[in-house]
6 protein chains.
Amino acid sequence: MPRKNPAAREAQRVLVVAAHPDDPEYGCAATVAKWAAEGREVTYLLLTSGDKGSKDPRLRPGKLATLREREQRSAAALLGVQQVIFQRHPDGMLENTMALRREIAAVIRRCRPHLLLAIDPWRPYQTHPDHRAAGQAALDAAYAAKEINLFPEQLVDGIEPWRIREAWLFWSGNPDRWEDVGGFIGRRIAALKRHASQVGAEAKRLPTDVRARAREAAKKGNQAFEYAEAFKVLRW
Amino acid sequence: MPRKNPAAREAQRVLVVAAHPDDPEYGCAATVAKWAAEGREVTYLLLTSGDKGSKDPRLRPGKLATLREREQRSAAALLGVQQVIFQRHPDGMLENTMALRREIAAVIRRCRPHLLLAIDPWRPYQTHPDHRAAGQAALDAAYAAKEINLFPEQLVDGIEPWRIREAWLFWSGNPDRWEDVGGFIGRRIAALKRHASQVGAEAKRLPTDVRARAREAAKKGNQAFEYAEAFKVLRW
Amino acid sequence: MPRKNPAAREAQRVLVVAAHPDDPEYGCAATVAKWAAEGREVTYLLLTSGDKGSKDPRLRPGKLATLREREQRSAAALLGVQQVIFQRHPDGMLENTMALRREIAAVIRRCRPHLLLAIDPWRPYQTHPDHRAAGQAALDAAYAAKEINLFPEQLVDGIEPWRIREAWLFWSGNPDRWEDVGGFIGRRIAALKRHASQVGAEAKRLPTDVRARAREAAKKGNQAFEYAEAFKVLRW
Amino acid sequence: MPRKNPAAREAQRVLVVAAHPDDPEYGCAATVAKWAAEGREVTYLLLTSGDKGSKDPRLRPGKLATLREREQRSAAALLGVQQVIFQRHPDGMLENTMALRREIAAVIRRCRPHLLLAIDPWRPYQTHPDHRAAGQAALDAAYAAKEINLFPEQLVDGIEPWRIREAWLFWSGNPDRWEDVGGFIGRRIAALKRHASQVGAEAKRLPTDVRARAREAAKKGNQAFEYAEAFKVLRW
Amino acid sequence: MPRKNPAAREAQRVLVVAAHPDDPEYGCAATVAKWAAEGREVTYLLLTSGDKGSKDPRLRPGKLATLREREQRSAAALLGVQQVIFQRHPDGMLENTMALRREIAAVIRRCRPHLLLAIDPWRPYQTHPDHRAAGQAALDAAYAAKEINLFPEQLVDGIEPWRIREAWLFWSGNPDRWEDVGGFIGRRIAALKRHASQVGAEAKRLPTDVRARAREAAKKGNQAFEYAEAFKVLRW
Amino acid sequence: MPRKNPAAREAQRVLVVAAHPDDPEYGCAATVAKWAAEGREVTYLLLTSGDKGSKDPRLRPGKLATLREREQRSAAALLGVQQVIFQRHPDGMLENTMALRREIAAVIRRCRPHLLLAIDPWRPYQTHPDHRAAGQAALDAAYAAKEINLFPEQLVDGIEPWRIREAWLFWSGNPDRWEDVGGFIGRRIAALKRHASQVGAEAKRLPTDVRARAREAAKKGNQAFEYAEAFKVLRW
């Protein structure tokens with residue numbers, strides 16, 4: 001595991017915006033673990049608490065959200081994430097509205113991340129409406145957050161516009177960056193297992209599956225290393 | 001001034017929902033001061049920070065909001081308010097949407113107030129669109145907050161539905177309750193003066209005007225006491 | 001009880017639009033029973049199935065809706081209502097949108113009622129947002145239903161614009177019509193009791209309460225008869 | 001008829017905002033004629049062109065709108081109105097959205113009226129949804145038009161915020177101003193007749209009806225003069 | 001033509017969601033005919049009745065919709081479709097709203113299809129806004145229909161969540177499945193001709209054009225058979 | 001420079017729809033200059049006036065819009081554009097609503113262009129939300145403008161449906177047409193420099209950059225000529 005790099009810690013704050021608890025773990029957890037280990041300060045912003053994600057008729061949305069927030073906090077802690085923010089929008093009904101962009105922009109202006117990790121909303125055949133909405137809203141909020149004249153009511157008490165330098169999009173159909181996550185695959189698997197309510201019977205297969213997919217990603221990207229997470233990188 | 005009443009302190013939490021800094025001071029500040037003095041715990045929820053309320057072209061919305069939040073905090077402190085929450089929606093553009101109700105309901109479920117102070121949205125010829133929207137959204141949020149099946153994604157980690165017992169509506173065209181605010185009129189005037197960016201040249205006339213209106217309110221309500229603030233009271 | 005009047009049966013169809021199962025019984029059930037007994041054809045249109053109306057955390061929205069639709073069908077049958085239509089919008093979240101008006105207009109154009117019974121949306125301090133929305137949407141739909149150029153996509157296969165002659169608004173703050181419901185109060189009480197999930201412990205007091213309120217309504221309207229239901233009547 | 005008053009002409013511009021052609025003539029035409037005769041500059045802003053207002057299945061919306069714009073222009077000319085603006089929103093579907101307010105505010109900032117004539121949206125039992133929406137949007141736009149920070153994208157090329165001094169609301173349930181329109185009733189009747197597609201068979205009765213109603217208005221307002229138009233007046 | 005296959009009939013229900021009458025015939029009619037012939041139960045859900053699809057100024061939207069519903073029923077009958085449902089939204093104005101998704105989800109939960117046929121909303125340069133909206137809404141509704149906590153107000157009286165196994169998207173820019181429709185091309189042509197109001201002068205060329213395109217589809221997909229309809233297949 | 005071609009002038013009107021002043025110059029200005037030189041009549045429709053496009057806290061949105069409209073008019077004049085229309089929606093907040101489509105359709109029906117130049121909304125990773133919204137709204141408006149039954153309230157006083165023949169999309173990820181703009185590159189550079197508030201320090205590099213990109217476009221399109229602007233062309 002890499003040593004903590006004090007320079008990187010100063011320079012690099014990372015914001016992960018996702019729709020549901022477990023999205024970051026399924027999408028970019030090994031990268032998160034690696035960056036946290038390098039001393040970067042990672043914040044999670046979860047737009048919903050996954051309150052609809054169960055087939056069990058006895059599990060009410062609030063109870064499920066309680067459970068899933070705990071699972072998410074536990075997974076995040078294991079990866080070295082410093083802060084987890086829940087906005088508690090209703091799961092399954094996200095839409096890329098001005099109101100949602102405004103909320104995400106407020107977080108960006110407060111956290112001042114250098115880098116955004118978000119879902120790629122352009123992925124063809126991304127059928128989960130929340131994933132499209134969360135990805136698009138995160139990017140549109142990043143656009144707004146840097147403009148002094150957009151959502152100007154937020155620029156209070158020292159809060160200033162903030163320009164994120166790069167967005168790394170996961171679950172992309174069109175990746176152009178492959179992060180070498182050798183050494184952090186185990187951490188990703190462990191973090192995924194913390195989402196016990198979601199992985200369920202799948203837990204057993206997880207180590208094999210996760211490794212296989214990370215190997216395949218590295219191969220598709222023609223990378224020399226064994227395990228990759230793939231991203232589409234945008235710059236502003 | 002009444003002595004602190006420890007029983008009341010335990011029993012009574014009050015939430016004031018308003019559209020702009022200075023709305024509570026213009027609407028119900030003497031009552032707030034009186035209740036705070038009795039030991040009630042008062043929270044302010046300001047939906048906007050009044051970022052549009054200036055004619056000065058050099059004063060940007062964010063600067064104005066910074067100023068007005070400070071004025072509001074100062075006025076609230078003077079009245080004995082314990083907490084001031086700003087949601088920083090854009091001034092002048094409030095609408096009673098599900099998204100706004102959801103946010104207010106979340107505050108209600110967290111603060112668990114016994115009593116709501118809000119703007120009367122039914123007042124005929126209430127021409128400020130924010131005042132209509134803020135009043136209606138506060139009441140619709142109070143309705144939702146008590147239902148276990150509404151905004152169920154909020155009922156996380158011990159947060160439960162909460163039923164507010166009474167709403168006292170200020171700026172009502174149809175009051176049916178007059179609060180004796182003798183002894184707290186001076187506090188109201190002082191609190192109003194803290195909103196220096198808004199009262200401006202009006203500051204001088206404030207003591208006379210505020211007293212005159214409170215006397216008139218008491219008289220209209222056929223009350224025996226000298227100074228009143230008038231309310232329409234609703235119960236759930 | 002009046003004899004069936006074949007002429008009235010031909011001439012008079014009545015549509016009751018309400019937000020939740022039990023709204024018609026709390027609002028105008030004795031009048032419905034009387035009119036049905038006179039041979040009028042009464043249809044109920046319920047915009048929601050009351051799926052949020054319980055404090056019981058084990059009762060899921062769908063189960064509750066199932067229960068309440070049954071209660072509503074049973075109450076309606078007892079009153080002589082011929083048809084009950086459920087649109088199953090989510091309880092507690094009604095808004096007077098074009099989409100909702102369109103749906104109600106479609107029912108109006110199909111059922112061709114001479115008379116509309118709906119909630120008075122102008123009642124000051126009507127705090128239930130669904131009641132305001134349901135009343136306003138019903139009236140706005142009645143407006144649209146009569147226009148050949150509004151929602152013209154509905155005028156298919158013999159469906160024509162339809163002008164409702166009168167709207168009778170219940171739960172009004174401003175009634176101008178008092179219907180003599182002597183002889184039908186018992187039916188109203190019985191119908192209310194069918195909503196067992198809602199009246200609960202209140203069931204015992206119902207007979208006394210309902211009679212008292214109907215007596216008071218008659219008295220307020222300066223009517224010679226004993227029991228009244230009060231309405232605000234609009235004409236187009 | 002009063003002589004032209006050059007001072008009034010300089011001082012007074014009037015904006016009439018209405019939902020459909022013929023609304024101004026049914027609501028305030030004699031007052032408009034009187035003010036125009038006094039030298040005031042009157043502008044009409046019609047939010048729709050009344051394209052749905054016919055029962056004739058052969059008359060397409062566009063043809064009807066063409067006809068009604070001509071009728072409106074003709075009636076306005078007869079009353080001395082200087083300018084008629086049509087925004088051509090779809091008749092029957094007006095909603096008080098931010099987009100509609102923005103459009104009306106742009107007209108206000110360009111025309112700089114001292115006085116607004118609009119429909120009273122608070123009139124209880126105003127069942128035409130367009131009338132409620134048009135009245136409320138006009139007032140909310142007047143509020144916005146005066147604020148330097150609202151719709152700031154409109155303040156281009158010398159366009160400045162503009163504060164309307166008074167709004168006179170017609171079709172009010174609560175009038176407090178009665179304009180003496182003796183000498184202008186004939187003009188109102190003539191203007192109404194220009195709306196031939198709308199008054200139809202009613203044309204014959206118009207003179208009697210209009211006079212009767214104007215007499216009744218004067219009487220209800222306890223005015224000494226014979227004919228009145230009634231208004232609720234608001235000031236900012 | 002294949003023999004009826006009783007096993008398939010039991011196992012396979014198919015729902016076709018489209019924006020306008022004739023969309024299914026232009027998109028997937030030979031496949032529909034083939035599957036119906038195999039004993040599958042096919043339902044059509046038409047979001048609009050194509051009420052705007054004419055250049056003839058004398059043909060009102062309602063008349064046109066009447067005509068096109070008949071054409072659609074006739075075409076569907078010829079293909080062996082068992083049920084045709086019309087939702088009668090206004091043609092040309094479809095938007096993928098929660099309200100539209102809710103309606104489609106209700107149909108899915110009632111019809112319980114194993115397979116969905118819908119328009120590919122990701123096709124680049126799909127310029128018909130209704131086609132994008134209809135395709136996306138169908139897929140988002142399919143997502144929601146399987147979740148016990150989404151639109152829970154619909155789960156009434158035995159209606160349960162329903163998971164569609166596969167979506168076959170027609171008019172795709174990215175097909176990965178080619179259905180051998182040899183033997184059913186004639187049926188497709190005949191069904192298209194039933195849309196007389198739409199194919200008009202094009203009718204003569206239809207047989208040649210349809211065969212040419214089906215041949216081209218088979219060729220592009222490198223299929224051994226002569227005629228294909230092409231699909232992008234998604235699984236949940 | 002080509003001679004004026006009177007035939008082309010008669011046949012060809014061009015409408016450019018863009019989100020902000022300078023979008024046309026960055027996207028298709030050399031083509032515009034060439035076509036204008038050939039005698040085509042070019043109209044610019046700017047949805048916003050770019051009122052948010054500055055980092056300077058002293059520059060209010062209205063002042064900035066004033067400046068940018070002037071820059072845009074100056075650039076357009078230099079290119080030979082005949083008319084520039086500003087709709088003054090708020091910069092940074094464009095959404096493809098029915099209201100926006102309606103406004104653009106009204107312009108199309110009035111200007112009757114044969115050809116539309118607009119932003120490609122399907123370009124993957126087009127992160128500016130205004131660019132996606134402006135492109136999509138322009139195309140959806142073009143669809144609506146040709147339909148006699150869509151926005152029929154606009155077909156007033158001789159205004160008829162209008163079918164644009166072709167849309168040329170700039171900033172496309174998928175171009176299929178390369179316009180030879182040799183001889184007009186200098187004009188494009190000059191026009192860009194008119195947007196002084198935007199190009200700023202970049203002005204110096206502009207000539208080199210613009211030429212380099214135009215050369216690269218021609219090369220990517222395998223064109224024999226030196227400088228190209230690339231487009232995706234759609235036909236209705």
# chains A, B, ... in the order shown; residues from 1 in each chain; ligands from 1

$ residues_around --residues "Arg213 in chain A" --least-positions-apart "3" --cutoff "9 Å" --atoms "only C-alpha atoms" --output "list in words"
Thr208, Asp209, Val210, Glu216, Ala217, Ala218, Tyr227, Ala228 and Glu229 of chain A

$ write_last_selection --atoms "N, CA and C atoms" --output "PDB file, in the first residue's frame"
ATOM      1  N   THR A 208     -14.574 -13.406  -6.588  1.00  0.00           N
ATOM      2  CA  THR A 208     -14.243 -13.869  -7.939  1.00  0.00           C
ATOM      3  C   THR A 208     -14.736 -12.884  -8.989  1.00  0.00           C
ATOM      4  N   ASP A 209     -16.001 -12.462  -8.850  1.00  0.00           N
ATOM      5  CA  ASP A 209     -16.608 -11.577  -9.856  1.00  0.00           C
ATOM      6  C   ASP A 209     -15.878 -10.237  -9.946  1.00  0.00           C
ATOM      7  N   VAL A 210     -15.631  -9.660  -8.796  1.00  0.00           N
ATOM      8  CA  VAL A 210     -15.007  -8.336  -8.784  1.00  0.00           C
ATOM      9  C   VAL A 210     -13.609  -8.398  -9.415  1.00  0.00           C
ATOM     10  N   GLU A 216     -10.730  -7.741 -16.527  1.00  0.00           N
ATOM     11  CA  GLU A 216     -11.273  -7.490 -17.866  1.00  0.00           C
ATOM     12  C   GLU A 216     -11.147  -6.006 -18.224  1.00  0.00           C
ATOM     13  N   ALA A 217     -11.414  -5.138 -17.236  1.00  0.00           N
ATOM     14  CA  ALA A 217     -11.302  -3.701 -17.493  1.00  0.00           C
ATOM     15  C   ALA A 217      -9.875  -3.343 -17.885  1.00  0.00           C
ATOM     16  N   ALA A 218      -8.916  -3.884 -17.158  1.00  0.00           N
ATOM     17  CA  ALA A 218      -7.512  -3.595 -17.457  1.00  0.00           C
ATOM     18  C   ALA A 218      -7.162  -4.062 -18.868  1.00  0.00           C
ATOM     19  N   TYR A 227      -5.257  -5.204 -12.465  1.00  0.00           N
ATOM     20  CA  TYR A 227      -6.626  -4.808 -12.101  1.00  0.00           C
ATOM     21  C   TYR A 227      -6.858  -3.331 -12.386  1.00  0.00           C
ATOM     22  N   ALA A 228      -7.971  -3.019 -13.049  1.00  0.00           N
ATOM     23  CA  ALA A 228      -8.273  -1.614 -13.332  1.00  0.00           C
ATOM     24  C   ALA A 228      -9.711  -1.275 -12.970  1.00  0.00           C
ATOM     25  N   GLU A 229      -9.936  -0.030 -12.647  1.00  0.00           N
ATOM     26  CA  GLU A 229     -11.263   0.559 -12.722  1.00  0.00           C
ATOM     27  C   GLU A 229     -11.219   1.563 -13.867  1.00  0.00           C
TER      28      GLU A 229
END

$ select_by_dssp --residues "range 18-203 of chain E" --states "alpha helix (DSSP H)" --output "PyMOL selection string"
chain E and resi 23-37+61-79+98-111+129-145+185-193+196-199

$ select_by_dssp --residues "range 45-236 of chain B" --states "strand (DSSP E)" --output "VMD selection string"
chain B and resid 45 to 48 83 to 89 115 to 119 166 to 170 177 to 180 228 to 235

$ residues_around --residues "Gly27 in chain C" --least-positions-apart "4" --cutoff "12 Å" --atoms "only C-alpha atoms" --output "short mmCIF file (atom, residue, chain, number, x, y, z; two decimals) with C-alpha atoms, in the first residue's frame"
data_model
loop_
_atom_site.label_atom_id
_atom_site.label_comp_id
_atom_site.auth_asym_id
_atom_site.auth_seq_id
_atom_site.Cartn_x
_atom_site.Cartn_y
_atom_site.Cartn_z
CA VAL C 16 -68.87 12.90 -6.95
CA VAL C 17 -65.14 13.73 -7.15
CA ALA C 18 -63.16 13.32 -3.95
CA ALA C 19 -59.58 12.87 -2.81
CA HIS C 20 -59.86 9.85 -0.51
CA PRO C 21 -62.22 7.02 0.35
CA ASP C 22 -64.49 8.37 3.10
CA ASP C 23 -64.39 11.98 1.82
CA THR C 31 -77.54 13.86 -0.04
CA VAL C 32 -76.08 11.07 -2.16
CA LEU C 117 -70.34 17.13 -6.12
CA ALA C 118 -66.85 18.24 -5.11
CA ILE C 119 -64.80 19.73 -2.27
CA ASP C 120 -64.85 23.53 -1.97
CA HIS C 131 -58.66 18.53 -0.49
CA TRP C 168 -72.37 21.55 -5.47
CA LEU C 169 -69.35 22.10 -3.23
CA PHE C 170 -69.20 20.42 0.16
CA TRP C 171 -66.98 21.36 3.11
CA SER C 172 -67.63 24.95 2.09
CA ARG C 188 -74.93 8.42 6.22
CA ILE C 189 -73.93 7.09 9.63
CA ALA C 191 -71.97 4.40 5.37
CA LEU C 192 -69.38 6.13 7.54
CA VAL C 210 -73.28 13.36 12.65
CA ARG C 213 -73.64 18.57 12.86
CA ALA C 214 -76.54 18.08 10.44
CA ALA C 228 -79.19 19.50 6.46
CA GLU C 229 -76.06 19.07 4.41
CA ALA C 230 -74.74 22.45 3.30
CA PHE C 231 -73.33 23.32 -0.14
#

$ atom_distance --atom1 "CA of Ala224 in chain C" --atom2 "CA of Trp178 in chain C"
10.4 Å
